[in-house]
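Printed here is entry_36.txt (compact mmCIF, C-alpha atoms):
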# COMPACT_ATOMS: atom_id res chain seq x y z
CA MET C 18 43.71 53.31 6.63
CA ASN C 19 46.41 54.71 4.35
CA SER C 20 49.14 52.66 5.97
CA PRO C 21 50.23 49.72 3.81
CA ASP C 22 50.65 47.60 6.95
CA ILE C 23 47.06 48.23 8.05
CA GLN C 24 45.75 47.60 4.51
CA LYS C 25 47.68 44.33 4.36
CA GLU C 26 46.31 43.32 7.76
CA ILE C 27 42.72 44.08 6.66
CA VAL C 28 43.18 42.01 3.50
CA THR C 29 44.66 39.15 5.52
CA VAL C 30 41.75 39.18 7.97
CA CYS C 31 39.26 39.22 5.07
CA LYS C 32 41.07 36.27 3.47
CA ILE C 33 40.98 34.29 6.72
CA GLU C 34 37.27 34.95 7.22
CA LYS C 35 36.46 34.07 3.60
CA ILE C 36 38.34 30.78 3.83
CA LYS C 37 36.57 29.99 7.13
CA ALA C 38 33.24 30.50 5.33
CA ILE C 39 34.37 28.22 2.50
CA ILE C 40 35.44 25.48 4.93
CA LYS C 41 32.11 25.80 6.73
CA ASP C 42 30.35 25.54 3.35
CA ILE C 43 32.25 22.33 2.54
CA ASN C 44 30.88 20.99 5.84
CA GLY C 45 33.27 18.06 6.16
CA ASP C 46 32.22 16.70 2.77
CA TYR C 47 34.31 15.60 -0.20
CA PHE C 48 36.08 18.13 -2.43
CA SER C 49 38.45 18.21 -5.36
CA LEU C 50 41.88 19.77 -5.63
CA VAL C 51 42.93 21.92 -8.56
CA VAL C 52 46.67 22.53 -8.36
CA ASP C 53 49.12 24.25 -10.66
CA GLU C 54 52.76 25.07 -10.12
CA SER C 55 55.02 27.55 -11.87
CA PHE C 56 57.64 30.14 -11.11
CA ASP C 57 57.12 33.89 -10.85
CA VAL C 58 59.14 36.77 -12.28
CA SER C 59 61.69 36.48 -9.47
CA ARG C 60 62.16 32.78 -10.41
CA LYS C 61 60.57 31.53 -7.15
CA GLU C 62 58.47 28.39 -7.40
CA LYS C 63 54.79 28.92 -6.56
CA MET C 64 51.81 26.61 -6.29
CA THR C 65 48.17 27.64 -6.55
CA ASN C 66 45.48 25.70 -4.72
CA VAL C 67 41.84 25.78 -5.70
CA LEU C 68 39.08 23.73 -4.08
CA ARG C 69 36.08 22.52 -6.05
CA TYR C 70 33.05 21.29 -4.13
CA VAL C 71 29.27 21.17 -4.21
CA ASP C 72 27.64 23.62 -1.81
CA ILE C 73 24.46 23.12 0.22
CA LYS C 74 22.29 24.43 -2.65
CA GLY C 75 23.84 21.96 -5.09
CA TYR C 76 25.98 24.46 -6.98
CA VAL C 77 29.51 23.53 -7.99
CA MET C 78 31.83 26.01 -6.33
CA GLU C 79 35.43 26.59 -7.34
CA VAL C 80 37.36 28.79 -4.90
CA PHE C 81 40.93 30.00 -4.86
CA ILE C 82 42.56 29.12 -1.55
CA GLY C 83 45.95 30.66 -2.09
CA LEU C 84 49.28 30.97 -3.79
CA PHE C 85 52.04 29.22 -1.87
CA HIS C 86 55.81 29.28 -2.12
CA VAL C 87 57.39 25.85 -2.59
CA LEU C 88 61.09 25.13 -2.28
CA ASP C 89 61.04 22.98 -5.39
CA THR C 90 58.50 21.24 -7.60
CA SER C 91 59.37 17.71 -6.60
CA THR C 92 56.37 15.53 -5.91
CA LEU C 93 57.17 15.22 -2.19
CA SER C 94 57.56 18.97 -1.78
CA LEU C 95 54.24 19.65 -3.55
CA LYS C 96 52.46 16.96 -1.53
CA LYS C 97 53.83 18.33 1.74
CA THR C 98 52.65 21.83 0.83
CA ILE C 99 49.18 20.55 -0.07
CA ILE C 100 48.92 18.57 3.18
CA ASP C 101 50.08 21.59 5.19
CA VAL C 102 47.55 23.89 3.50
CA LEU C 103 44.70 21.43 3.98
CA ALA C 104 45.68 20.76 7.61
CA HIS C 105 45.85 24.50 8.28
CA HIS C 106 42.19 24.67 7.24
CA SER C 107 41.18 21.47 9.10
CA LEU C 108 40.84 19.49 5.87
CA SER C 109 42.34 16.12 5.06
CA LEU C 110 43.55 14.29 1.97
CA SER C 111 41.12 11.50 2.87
CA PHE C 112 38.26 13.76 1.71
CA VAL C 113 39.81 14.53 -1.68
CA TYR C 114 37.47 13.11 -4.28
CA GLY C 115 39.18 14.44 -7.39
CA GLN C 116 42.45 15.93 -8.57
CA CYS C 117 42.91 18.29 -11.47
CA TYR C 118 46.35 19.11 -12.85
CA ASP C 119 48.16 20.03 -16.02
CA ARG C 120 50.32 17.41 -17.73
CA ALA C 121 53.61 18.16 -15.95
CA SER C 122 55.55 14.92 -15.53
CA ASN C 123 56.20 15.44 -11.82
CA ILE C 124 52.45 15.64 -11.29
CA GLN C 125 51.00 13.17 -13.79
CA GLY C 126 53.57 10.38 -13.35
CA ASP C 127 51.85 7.03 -12.98
CA ILE C 128 54.47 5.63 -10.62
CA ASN C 129 55.66 8.44 -8.37
CA GLY C 130 53.77 11.52 -9.59
CA LEU C 131 51.80 13.77 -7.26
CA LYS C 132 48.50 12.31 -8.41
CA MET C 133 49.63 8.81 -7.37
CA LEU C 134 50.93 9.99 -3.99
CA ILE C 135 47.59 11.62 -3.24
CA ARG C 136 45.73 8.59 -4.61
CA GLN C 137 47.58 6.43 -2.06
CA GLU C 138 46.12 8.60 0.71
CA SER C 139 42.62 8.76 -0.78
CA ARG C 140 41.47 5.94 -3.07
CA SER C 141 38.62 8.11 -4.38
CA ALA C 142 40.95 10.92 -5.55
CA HIS C 143 40.58 10.36 -9.29
CA SER C 144 42.74 12.54 -11.52
CA ILE C 145 41.67 14.45 -14.63
CA HIS C 146 43.53 16.81 -16.88
CA CYS C 147 42.53 20.40 -16.09
CA PHE C 148 39.81 21.49 -18.53
CA ALA C 149 40.95 25.12 -18.50
CA HIS C 150 44.47 24.01 -19.38
CA GLN C 151 43.11 21.76 -22.16
CA LEU C 152 41.11 24.70 -23.51
CA GLN C 153 44.16 26.96 -23.45
CA LEU C 154 46.29 24.36 -25.26
CA THR C 155 43.54 23.86 -27.85
CA LEU C 156 43.23 27.60 -28.45
CA VAL C 157 46.98 27.92 -28.92
CA VAL C 158 47.10 25.10 -31.47
CA VAL C 159 44.00 26.27 -33.35
CA SER C 160 45.14 29.90 -33.41
CA LYS C 161 48.48 28.82 -34.91
CA LYS C 162 46.71 26.85 -37.64
CA CYS C 163 43.92 29.33 -38.39
CA VAL C 164 44.84 33.01 -38.67
CA GLN C 165 41.22 34.16 -38.16
CA VAL C 166 40.97 32.36 -34.79
CA GLY C 167 44.26 33.92 -33.67
CA GLU C 168 43.00 37.37 -34.68
CA LEU C 169 39.70 36.76 -32.84
CA VAL C 170 41.49 35.72 -29.64
CA LEU C 171 43.71 38.82 -29.88
CA LEU C 172 40.69 41.08 -30.54
CA VAL C 173 38.73 39.68 -27.57
CA SER C 174 41.82 40.03 -25.37
CA ASN C 175 42.27 43.68 -26.40
CA ILE C 176 38.58 44.46 -25.83
CA LEU C 177 38.69 42.93 -22.35
CA ASN C 178 41.86 44.89 -21.50
CA VAL C 179 40.18 48.16 -22.53
CA LEU C 180 36.98 47.35 -20.63
CA GLU C 181 38.75 46.20 -17.47
CA ALA C 182 40.65 49.48 -17.26
CA SER C 183 37.45 51.32 -16.33
CA PHE C 184 34.73 50.40 -13.84
CA LYS C 185 32.34 52.66 -15.76
CA ARG C 186 32.94 50.73 -18.99
CA MET C 187 32.47 47.43 -17.17
CA ASP C 188 29.14 48.66 -15.73
CA GLU C 189 28.00 49.69 -19.20
CA LEU C 190 28.92 46.30 -20.59
Re-express the file's structure as structure tokens.
Amino acid sequence: MNSPDIQKEIVTVCKIEKIKAIIKDINGDYFSLVVDESFDVSRKEKMTNVLRYVDIKGYVMEVFIGLFHVLDTSTLSLKKTIIDVLAHHSLSLSFVYGQCYDRASNIQGDINGLKMLIRQESRSAHSIHCFAHQLQLTLVVVSKKCVQVGELVLLVSNILNVLEASFKRMDEL
């Protein structure tokens, strides 16, 4: 159990089983894609995939599927990666009901952006600007204009960092 290889294998098996449960929960129904791309510290391009769907009980579920390496952030490369990830989990673009992205031009382009390429595959795949990204952009602008908001955001961030450093503190909270 102390071997990093065995620990990695256990985590991989848990990930596979969790994703199987998510796919079973989707039950061949429609879902939305939440995709973001960026580069990491080593300057490698990465893409995160999140699925949003309504489960059997009627709750909206948003689940992280994975972080994937992409050769570049061209629309065709991103689309190919998304198709490969969905196919790996027996899902199809034809069941994509919504798309959620930031405002990167390679994604939001109305002619050859990723949202249009996916829309060609699934007419019901409507695109919206990611609410979390909108909220982050709003907080940045407001905190620059209002010193008190900036100080509040910094204070909350510091409190969360202190609390997250200890399970005991988190339990007490």
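Here atom CA of C:Ser91 stands at a distance of 8.6 Å from atom CA of C:Leu131.
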Report task. Name the closest residue to C:Ile82 among the candidates C:Ile36, C:Ile23, C:Met64, C:Cys117; distances are taken between atoms, counting only C-alpha atoms. Result -> C:Ile36
Report task. Quick one: everything within 10 Å of C:Ser160, counting only C-alpha atoms, minus sequence neighbours fewer than 5 positions away in the same chain. Send it as number ranges by chain. Result -> C: 154-155, 165-171
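Candidate residues C:Val158, C:Ile43, C:Ala38, C:Ala182 were compared for distance to C:Val77, and the nearest is C:Ile43, using only C-alpha atoms.
From atom CA of C:Ser107 back to atom CA of C:Asp42, the distance works out to 12.9 Å.
Nearest to C:Phe112 of all the residues C:Ala142, C:Leu134, C:Val157, C:Ile39 is C:Ala142, counting only C-alpha atoms.
For the atom pair formed by atom CA of C:Thr29 and atom CA of C:Gly83, the distance is 11.5 Å, given to one decimal.
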Query raised in the report: Looking at all atoms listed in the file, which of C:Glu26, C:Glu79, C:Glu189, C:Asp72 is the one that sits closest to C:Val51?
Result: C:Glu79
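Closest to C:Val102 among C:Ser49, C:Val164, C:Thr65, C:Leu177 is C:Thr65, based on only C-alpha atoms.
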Tell me which protein, DNA and RNA residues are within 12 Å of C:Ser94, counting only C-alpha atoms, leaving out same-chain ones fewer than 3 positions away, and put them as a CSV table (one decimal) with C-alpha atoms, keeping the file's coordinate frame.
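Result saved to part18.csv:
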chain,number,residue,atom,x,y,z
C,54,GLU,CA,52.8,25.1,-10.1
C,62,GLU,CA,58.5,28.4,-7.4
C,63,LYS,CA,54.8,28.9,-6.6
C,64,MET,CA,51.8,26.6,-6.3
C,85,PHE,CA,52.0,29.2,-1.9
C,86,HIS,CA,55.8,29.3,-2.1
C,87,VAL,CA,57.4,25.8,-2.6
C,88,LEU,CA,61.1,25.1,-2.3
C,89,ASP,CA,61.0,23.0,-5.4
C,90,THR,CA,58.5,21.2,-7.6
C,91,SER,CA,59.4,17.7,-6.6
C,97,LYS,CA,53.8,18.3,1.7
C,98,THR,CA,52.6,21.8,0.8
C,99,ILE,CA,49.2,20.6,-0.1
C,100,ILE,CA,48.9,18.6,3.2
C,101,ASP,CA,50.1,21.6,5.2
C,123,ASN,CA,56.2,15.4,-11.8
C,124,ILE,CA,52.4,15.6,-11.3
C,130,GLY,CA,53.8,11.5,-9.6
C,131,LEU,CA,51.8,13.8,-7.3
C,134,LEU,CA,50.9,10.0,-4.0
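Comparing the minimum interatomic distances between C:Asn44 and each of C:Val173, C:Ile73, C:Leu68, C:Val179, counting only C-alpha atoms, we find that C:Ile73 sits nearest.
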